[in-house]
Structures are given as structure tokens and as C-alpha cells.
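Peer 1: One structure follows; several queries about it will come next.
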Amino acid sequence: MRIIIVAAGPSEEVPLLKPFLFENTRVIGVDGGIATLVDQGIDFDLAIGDFDSLGHIPTGAILHPAEKDETDLELALRYVYEHYEVTELLIFGATGGRIDMTLQNVYLLKQFPEARLVTKQADVRFLPEGRYEIEAEQYHYLSFIPLVSTVLTLCGVKYPLMEQTVPVGGSLTVSNEWTRQRVADIRVQKGEILMIRSLAD
């Protein structure tokens with residue numbers, strides 16, 4: 001099942017959502033993300049959170065206390081994985097505002113690796129060891145941020161690598177680009193990375 005989660009981050013970071021609403025898509029609003037959905041005229045199937053950002057509790061919502069050990073987004077992700085067979089999961093409204101929340105939301109991708117975090121400018125996903133074919137789609141840049149020292153092979157890109165060890169904190173793998181084929185062959189031979197596709201400036 002295809003799941004869209006809209007969290008409570010600034011609405012200006014959220015693209016138009018209707019193009020993402022395919023058949024058999026479930027839409028989940030997380031706290032203030034409900035306001036973003038309402039502003040875009042999109043119905044939601046479920047609301048989850050403590051609703052301190054929204055200011056009221058939607059009918060039928062799953063309510064959590066304001067003082068808790070997890071963020072509303074993490075609780076929503078856990079709920080999704082417990083109740084749906086997920087084939088694709090897109091998270092919106094998880095960036096902007098407080099930098100601690102943005103970073104934590106990005107790192108949630110490691111716990112929920114099928115998920116993608118989508119903004120107006122970028123698409124972020126977590127890649128553990130394995131081989132991946134990554135299409136450019138509308139994006140121009142392709143960047144890789146290692147979470148640990150990572151051995152990486154990149155083909156089908158402007159700046160290829162062959163079994164290159166990429167350290168944490170280095171900038172070697174930032175702002176790569178696709179070649180004409182517009183499909184990159186990515187191999188994470190050791191380690192783990194965040195992959196970011198982003199639009200041209």
C-alpha cells in the first residue's frame with residue numbers, strides 16, 4: 001500500500017500533494033500537518049499526534065500525550081508499519097523550522113528504510129548495503145552523505161567512483177549529476193548513506 005504522511009513542518013517546504021495521490025493511497029496527517037492538508041484541499045484517512053501544533057483534535061484521531069519519549073512523526077511511522085503492508089511511503093512536512101527536528105526526521109529514515117522524505121526541492125532516502133538503480137526523474141543533483149565510513153561505487157554519473165571509501169564529514173560525494181541515460185547505478189559495498197536527489201538551483 002502507498003502511504004503519504006504529512007507532518008507539522010512549515011507548509012512552504014511541502015510541494016503540491018495532489019500529484020502524489022495515486023489509486024490506493026492512504027493519507028495520514030500528523031498534528032499540524034492536518035492544517036497543510038486542509039490548505040491544499042486534501043482529505044486525510046487518519047490523524048495522529050498530540051495536536052499541540054494544530055490546536056484541536058480531529059474527529060477519530062489517534063491521540064498521544066504531549067509529554068512522551070517519541071515525536072509524533074515517529075509514532076505515526078510505527079503505526080503505519082504495524083497496520084499496513086507498505087509498498088511505498090512518502091513523508092512531507094518533516095523539514096524546515098527547528099534544525100533538531102529536521103535532523104531527527106532525516107535520521108528516522110534509518111529506522112524506516114522504505115520511507116522517503118520529500119520537500120519542494122529534494123527527495124531523501126536511506127541506503128544500506130546493496131545495489132540500487134536511481135532514476136533522475138525531475139532532479140538535477142545527486143548527493144550521498146555517509147553515516148559511517150562507506151565504500152561506494154557510482155556509475156552513470158558525471159563523477160563516477162569505483163570502490164571509493166568515503167569518510168563521514170567529507171564532501172567528495174556532494175552535488176554529483178546524472179549522465180544522459182538519467183539512471184545511476186549505485187553500490188553501497190560497505191556502510192550506509194543518505195542519498196539526496198535535488199532540483200537545480
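In the C-alpha cells, the first chain shown is A, the next is B, and so on; residue numbers restart at 1 for each chain, and ligands run from 1 in the order shown.
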List every residue of region 39-194 of chain A that DSSP, applied to the backbone, labels as alpha helix (DSSP H), and write the result as a ChimeraX atom specification.
Peer 2: /A:39,72-83,99-111
Peer 1: What residues in region 44-172 of chain A get the DSSP label strand (DSSP E or B)? Please answer as a compact mmCIF listing (two decimals) with C-alpha atoms, in the first residue's frame.
Peer 2:
```txt
# COMPACT_ATOMS: atom_id res chain seq x y z
CA LEU A 46 -6.17 9.22 9.69
CA ALA A 47 -4.84 11.86 12.11
CA ILE A 48 -2.13 11.06 14.66
CA GLY A 49 -0.42 13.20 17.29
CA ILE A 62 -5.23 8.73 17.46
CA LEU A 63 -4.26 10.95 20.38
CA GLU A 88 5.82 2.95 -0.73
CA LEU A 89 5.98 5.60 1.98
CA LEU A 90 6.44 9.33 1.38
CA ILE A 91 6.91 11.82 4.22
CA PHE A 92 6.16 15.52 3.73
CA ALA A 115 10.41 5.71 3.55
CA ARG A 116 11.39 8.76 1.52
CA LEU A 117 11.40 12.31 2.82
CA VAL A 118 10.15 14.72 0.15
CA ALA A 122 14.62 17.35 -2.73
CA ASP A 123 13.98 13.68 -2.11
CA VAL A 124 15.94 11.95 0.69
CA ARG A 125 16.27 8.24 1.36
CA PHE A 126 18.45 5.91 3.41
CA LEU A 127 20.50 3.28 1.57
CA GLY A 130 23.20 -3.12 -1.56
CA ARG A 131 22.86 -2.17 -5.22
CA TYR A 132 20.37 0.42 -6.46
CA GLU A 133 19.29 1.91 -9.79
CA ILE A 134 18.32 5.53 -9.18
CA GLU A 135 16.40 7.46 -11.84
CA TYR A 141 21.81 16.81 -8.44
CA LEU A 142 22.59 13.54 -6.71
CA SER A 143 24.41 13.61 -3.36
CA PHE A 144 25.48 10.97 -0.86
CA ILE A 145 26.04 11.64 2.83
CA PRO A 146 27.73 8.71 4.60
CA THR A 150 31.31 3.87 3.49
CA VAL A 151 32.69 2.07 0.43
CA LEU A 152 30.78 3.39 -2.58
CA THR A 153 30.69 2.70 -6.32
CA LEU A 154 28.87 5.18 -8.59
CA CYS A 155 28.20 4.59 -12.29
CA VAL A 157 27.01 9.84 -13.13
CA LEU A 161 33.61 6.30 -8.25
CA MET A 162 34.93 2.75 -8.01
CA GLU A 163 35.02 1.16 -4.58
CA GLN A 164 35.86 4.51 -3.02
CA THR A 165 35.99 4.81 0.75
CA VAL A 166 34.03 7.93 1.69
```
Peer 1: Would you mind telling me which residue in A:Asp201, A:Glu129, A:Glu67, A:Asp31 lies nearest to Val188 (chain A) when using only C-alpha atoms?
Peer 2: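 When distances to Val188 (chain A) are compared using only C-alpha atoms, the smallest one comes from A:Glu129.
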Peer 1: For CA of Pro128 (chain A) and CA of Lys190 (chain A), quote the distance in Å rounded to one decimal.
Peer 2: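 According to the coordinates, CA of Pro128 (chain A) and CA of Lys190 (chain A) are separated by 8.3 Å.
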Peer 1: Which residue is closest to Leu77 (chain A)? Choose from A:Leu194, A:Gln121, A:Asp185, A:Gln111 and count only C-alpha atoms.
Peer 2: A:Gln111
Peer 1: Select, from A:Thr102, A:Ser175, A:Asn24, A:Ser198, the residue with the minimum atom-to-atom distance to Pro10 (chain A), counting only C-alpha atoms.
Peer 2: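 Ranking A:Thr102, A:Ser175, A:Asn24, A:Ser198 by distance to Pro10 (chain A), first place goes to A:Thr102.
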Peer 1: In Å, rounded to a single decimal, give me how far CA of Gln40 (chain A) is from CA of Thr59 (chain A).
Peer 2: 19.1 Å
Peer 1: So, with only C-alpha atoms as the atoms that count, which of A:Val183, A:Ala7, A:Gly156, A:Glu192 lies closest to Val168 (chain A)?
Peer 2: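 The shortest atom-to-atom distance to Val168 (chain A) comes from A:Glu192.
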Peer 1: State, in Å with one decimal place, the distance from CA of His140 (chain A) to CA of Thr179 (chain A).
Peer 2: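 Result for CA of His140 (chain A) versus CA of Thr179 (chain A): 10.2 Å, one decimal.
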Peer 1: Counting only C-alpha atoms, which of A:Arg26, A:Ile193, A:Glu177, A:Pro19 gets nearest to Pro160 (chain A)?
Peer 2: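 Checking each of A:Arg26, A:Ile193, A:Glu177, A:Pro19 against Pro160 (chain A), counting only C-alpha atoms, the winner is A:Glu177.
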Peer 1: Would you pick out the contacts of Pro15 (chain A) at 8 Å or less, using only C-alpha atoms, so that residues sharing its chain but fewer than 3 positions from it are not included, and give the list as a compact mmCIF listing (two decimals) with N, CA and C atoms, in the first residue's frame?
Peer 2:
```
# COMPACT_ATOMS: atom_id res chain seq x y z
N GLU A 12 5.52 25.81 3.67
CA GLU A 12 6.25 26.26 2.48
C GLU A 12 7.29 25.25 2.01
N THR A 119 10.58 17.09 -0.14
CA THR A 119 10.33 18.52 0.00
C THR A 119 10.09 19.11 -1.38
N LYS A 120 9.91 20.42 -1.45
CA LYS A 120 9.77 21.06 -2.76
C LYS A 120 11.04 20.95 -3.59
```
Peer 1: For a quick check of understanding, using only C-alpha atoms, which of A:Leu21, A:Arg180, A:His56, A:Gly170 has the smallest distance to Ala35 (chain A)?
Peer 2: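 Closest residue, counting only C-alpha atoms: A:His56.
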